[in-house]
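Chemist: Here it is, the structure, as structure tokens.
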Amino acid sequence: MTNLTLSHDSRTGGTRRVSRITRTALTAAALLVSATQLTGCFPVMAGAVAGGVTMATDRRPTATQTVDRGLQLEADSTLSSRYNGQARVSVTVFNRKVLLTGEASNDNVKQQVDQYVRGLPNARVVINELEIVNSPSFMTQSQDAYLTSKVKAQLVTAEGVPSNSIKVTTEKSVVYLLGIVTTAEGDRATEVARNTSGVTKVVKAFDYVSDTERARLDQASTSQNPQPDGTVGTPAPVQSVPGVGGPSGAPADATTSGAATSPVSSPVTSPMALPPGRNLP
């Protein structure tokens with residue numbers, strides 16, 4: 001009887017030890033998988049959080065936000081169906097300002113796209129940055145989406161940057177910034193973007209407002225504008241065009257198409273002098 005009892009206890013203890021080891025191993029594996037997934041998804045998650053904040057604190061009136069969404073959906077749908085195989089056009093709309101990035105198979109297609117978008121009744125300004133080149137690979141497009149998420153995450157945590165009123169899009173590692181900002185806010189946002197690793201150049205397409213107008217817009221927004229802090233990254237050159245930007249109430253017929261660009265410099269590990277550039281309208 002004694003031997004039987006000891007044998008039973010031994011098996012029970014061994015079973016418990018195996019059970020504990022198994023649970024520990026499974027827990028460690030789960031934590032490792034979770035950590036890996038969270039690390040990979042962080043920029044996207046941060047972008048999603050930023051998107052949620054944007055809906056609540058955008059400086060654009062609600063009616064303008066609705067117009068922008070409708071304008072983008074209409075342009076995206078029409079261009080993708082009408083020029084399938086002839087152009088890959090990414091449409092970005094903010095404050096009725098339409099930015100076109102991507103590629104067209106030839107100059108005629110580029111001009112057709114430009115004329116169509118310019119003819120949309122709600123398009124206040126059209127910025128045509130289409131290139132006459134072959135479409136980028138899926139890897140390039142994935143990298144651009146990743147960079148957009150990284151820049152958005154950096155803007156959310158940057159002090160004095162109204163990330164809720166700035167829209168970011170990336171094309172072949174060139175970051176475009178649209179939004180309603182003061183000159184100082186635009187400069188800070190530009191510095192944050194150009195210091196994000198992987199960004200080769202930053203192009204500004206802001207609507208600038210005075211400090212008085214900024215205060216009025218923030219007061220009218222649906223919630224307080226957050227003021228986080230901290231910014232990190234690797235500097236990239238900034239591109240601009242003389243004589244653009246200006247008040248958000250610019251005339252409806254203002255249009256820019258195919259402005260010349262400066263050479264792109266590779267990222268460096270310390271601040272670099274900015275090349276002559278341009279501000280988009």
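Letters for chains follow the order of the structure tokens (A, B, ...), residue numbers begin at 1 for each chain, and ligand numbers begin at 1 in the order shown.
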If you run DSSP on this backbone, which residues of segment 56-185 of chain A come out as helix (DSSP H, G or I), and could you give them as a VMD selection string?
Modeler: chain A and resid 56 to 57 62 to 82 107 to 118 138 to 156 163 to 165 183 to 185
Chemist: Can you list, as a VMD selection string, every protein, DNA or RNA residue that comes within 7 Å of segment 91-107 of chain A when you count only C-alpha atoms, leaving out same-chain residues fewer than 4 positions away?
Modeler: chain A and resid 60 64 68 72 76 86 to 87 111 122 to 135 171 178 to 179
Chemist: Using only N, CA, C and O atoms, please write the residues we just selected to a file, as a CSV table (one decimal), in the first residue's frame.
Modeler:
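Here's the written file result_8.csv:
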chain,number,residue,atom,x,y,z
A,60,ARG,N,-11.0,71.9,-39.8
A,60,ARG,CA,-12.0,72.1,-40.9
A,60,ARG,C,-13.4,72.0,-40.4
A,60,ARG,O,-13.7,71.2,-39.5
A,64,THR,N,-17.0,70.9,-44.5
A,64,THR,CA,-15.8,70.8,-45.3
A,64,THR,C,-15.2,69.4,-45.3
A,64,THR,O,-14.8,68.8,-46.3
A,68,ASP,N,-14.7,67.0,-48.5
A,68,ASP,CA,-13.5,66.4,-48.8
A,68,ASP,C,-13.6,64.9,-48.9
A,68,ASP,O,-13.0,64.3,-49.9
A,72,GLN,N,-12.9,63.0,-52.5
A,72,GLN,CA,-11.8,62.0,-52.6
A,72,GLN,C,-12.4,60.7,-53.1
A,72,GLN,O,-11.9,60.0,-54.0
A,76,ASP,N,-11.2,59.1,-56.7
A,76,ASP,CA,-10.6,57.8,-56.6
A,76,ASP,C,-11.4,56.8,-57.5
A,76,ASP,O,-10.8,56.1,-58.3
A,86,GLN,N,-3.5,52.6,-67.3
A,86,GLN,CA,-2.8,53.8,-67.9
A,86,GLN,C,-2.2,54.7,-66.9
A,86,GLN,O,-1.3,55.5,-67.2
A,87,ALA,N,-2.7,54.6,-65.6
A,87,ALA,CA,-2.2,55.5,-64.6
A,87,ALA,C,-2.5,54.9,-63.2
A,87,ALA,O,-3.5,54.1,-63.1
A,111,GLN,N,-2.4,64.9,-68.3
A,111,GLN,CA,-3.2,66.1,-68.6
A,111,GLN,C,-4.7,65.8,-68.5
A,111,GLN,O,-5.5,66.6,-68.0
A,122,ASN,N,-16.1,70.9,-56.4
A,122,ASN,CA,-15.7,71.2,-55.1
A,122,ASN,C,-14.2,71.2,-54.9
A,122,ASN,O,-13.7,71.4,-53.8
A,123,ALA,N,-13.4,71.1,-56.0
A,123,ALA,CA,-12.0,71.1,-56.0
A,123,ALA,C,-11.5,72.6,-56.0
A,123,ALA,O,-11.7,73.3,-57.0
A,124,ARG,N,-11.0,73.1,-54.8
A,124,ARG,CA,-10.5,74.4,-54.7
A,124,ARG,C,-9.2,74.6,-55.4
A,124,ARG,O,-8.9,75.6,-56.0
A,125,VAL,N,-8.3,73.7,-55.1
A,125,VAL,CA,-6.9,73.8,-55.6
A,125,VAL,C,-6.5,72.4,-56.1
A,125,VAL,O,-6.9,71.4,-55.4
A,126,VAL,N,-5.8,72.2,-57.2
A,126,VAL,CA,-5.4,70.9,-57.7
A,126,VAL,C,-3.8,71.0,-57.8
A,126,VAL,O,-3.3,71.9,-58.4
A,127,ILE,N,-3.2,70.0,-57.2
A,127,ILE,CA,-1.7,69.9,-57.2
A,127,ILE,C,-1.4,68.6,-57.9
A,127,ILE,O,-1.6,67.5,-57.4
A,128,ASN,N,-0.9,68.7,-59.1
A,128,ASN,CA,-0.6,67.5,-59.9
A,128,ASN,C,0.8,67.2,-59.8
A,128,ASN,O,1.7,67.8,-60.5
A,129,GLU,N,1.1,66.1,-59.1
A,129,GLU,CA,2.5,65.7,-58.9
A,129,GLU,C,2.7,64.3,-59.6
A,129,GLU,O,3.6,63.5,-59.2
A,130,LEU,N,1.9,64.0,-60.5
A,130,LEU,CA,2.0,62.7,-61.3
A,130,LEU,C,3.3,62.7,-62.0
A,130,LEU,O,3.7,63.7,-62.6
A,131,GLU,N,3.9,61.5,-62.1
A,131,GLU,CA,5.2,61.3,-62.8
A,131,GLU,C,4.9,60.4,-64.1
A,131,GLU,O,4.1,59.6,-64.0
A,132,ILE,N,5.6,60.7,-65.1
A,132,ILE,CA,5.5,59.8,-66.3
A,132,ILE,C,6.5,58.7,-66.2
A,132,ILE,O,7.6,58.7,-66.8
A,133,VAL,N,6.2,57.7,-65.4
A,133,VAL,CA,7.1,56.6,-65.2
A,133,VAL,C,6.2,55.3,-65.0
A,133,VAL,O,5.0,55.4,-64.9
A,134,ASN,N,6.9,54.2,-64.9
A,134,ASN,CA,6.2,52.9,-64.6
A,134,ASN,C,5.7,52.9,-63.2
A,134,ASN,O,6.4,53.6,-62.3
A,135,SER,N,4.7,52.2,-62.9
A,135,SER,CA,4.2,52.1,-61.5
A,135,SER,C,5.2,51.4,-60.6
A,135,SER,O,5.9,50.5,-61.1
A,171,GLU,N,4.8,59.2,-51.3
A,171,GLU,CA,5.0,58.6,-52.7
A,171,GLU,C,6.4,58.4,-52.9
A,171,GLU,O,7.2,59.4,-53.0
A,178,LEU,N,-0.3,68.2,-46.0
A,178,LEU,CA,-1.4,69.2,-46.2
A,178,LEU,C,-2.0,69.5,-44.9
A,178,LEU,O,-1.9,68.7,-43.9
A,179,GLY,N,-2.6,70.7,-44.8
A,179,GLY,CA,-3.3,71.0,-43.5
A,179,GLY,C,-3.5,72.5,-43.3
A,179,GLY,O,-3.1,73.3,-44.2
Chemist: Can you work out which one of A:Leu155, A:Leu147, A:Val113, A:Val89 has the shortest atom-to-atom distance to Val192 of chain A, counting only C-alpha atoms?
Modeler: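 Looking only at the distances to Val192 of chain A, the closest residue turns out to be A:Leu155.
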Chemist: My list of candidates is A:Asp144, A:Tyr176, A:Val109, A:Val67. Which is closest to Asn84 of chain A when distances are computed with only C-alpha atoms?
Modeler: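 Selected residue with least distance to Asn84 of chain A: A:Val109.
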Chemist: Considering only C-alpha atoms, can you say which of A:Val181, A:Ala158, A:Ala220, A:Val117 comes closest to Ala205 of chain A?
Modeler: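 Smallest separation from Ala205 of chain A among the options: A:Val181.
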Chemist: List every residue of segment 88-160 of chain A that DSSP, applied to the backbone of this structure, assigns to strand (DSSP E), and report them as a list in words.
Modeler: Arg88, Val89, Ser90, Val91, Thr92, Val93, Phe94, Lys97, Val98, Leu99, Leu100, Thr101, Gly102, Glu103, Ala104, Val125, Val126, Ile127 and Asn128 of chain A
Chemist: Those same residues, written as an mmCIF file, in the first residue's frame with C-alpha atoms?
Modeler:
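Output below, filename part_15.cif:
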data_model
loop_
_atom_site.group_PDB
_atom_site.id
_atom_site.type_symbol
_atom_site.label_atom_id
_atom_site.label_comp_id
_atom_site.auth_asym_id
_atom_site.auth_seq_id
_atom_site.Cartn_x
_atom_site.Cartn_y
_atom_site.Cartn_z
ATOM 1 C CA ARG A 88 -1.923 54.773 -60.866
ATOM 2 C CA VAL A 89 -3.258 57.866 -59.132
ATOM 3 C CA SER A 90 -3.352 58.423 -55.383
ATOM 4 C CA VAL A 91 -5.824 61.168 -54.467
ATOM 5 C CA THR A 92 -5.411 63.097 -51.201
ATOM 6 C CA VAL A 93 -7.939 65.799 -50.270
ATOM 7 C CA PHE A 94 -7.791 68.303 -47.415
ATOM 8 C CA LYS A 97 -7.281 70.983 -51.912
ATOM 9 C CA VAL A 98 -6.611 67.935 -54.113
ATOM 10 C CA LEU A 99 -3.135 66.391 -54.303
ATOM 11 C CA LEU A 100 -2.472 63.892 -57.105
ATOM 12 C CA THR A 101 0.521 61.583 -56.716
ATOM 13 C CA GLY A 102 1.542 58.439 -58.559
ATOM 14 C CA GLU A 103 2.310 57.673 -62.190
ATOM 15 C CA ALA A 104 0.815 58.156 -65.652
ATOM 16 C CA VAL A 125 -6.904 73.764 -55.642
ATOM 17 C CA VAL A 126 -5.370 70.942 -57.696
ATOM 18 C CA ILE A 127 -1.726 69.920 -57.195
ATOM 19 C CA ASN A 128 -0.646 67.533 -59.943
#
Chemist: Between atom CA of Asp207 of chain A and atom CA of Ile180 of chain A, what distance in Å does the model show, to one decimal?
Modeler: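 Distance reported for this atom pair: 4.9 Å.
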Chemist: Can you work out the spacing between atom CA of Thr182 of chain A and atom CA of Val151 of chain A in Å, to one decimal?
Modeler: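 Straight-line distance from atom CA of Thr182 of chain A to atom CA of Val151 of chain A works out to 19.1 Å.
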Chemist: Have a look at atom CA of Gly186 of chain A and atom CA of Ala145 of chain A and let me know their distance in Å, one decimal.
Modeler: 21.8 Å
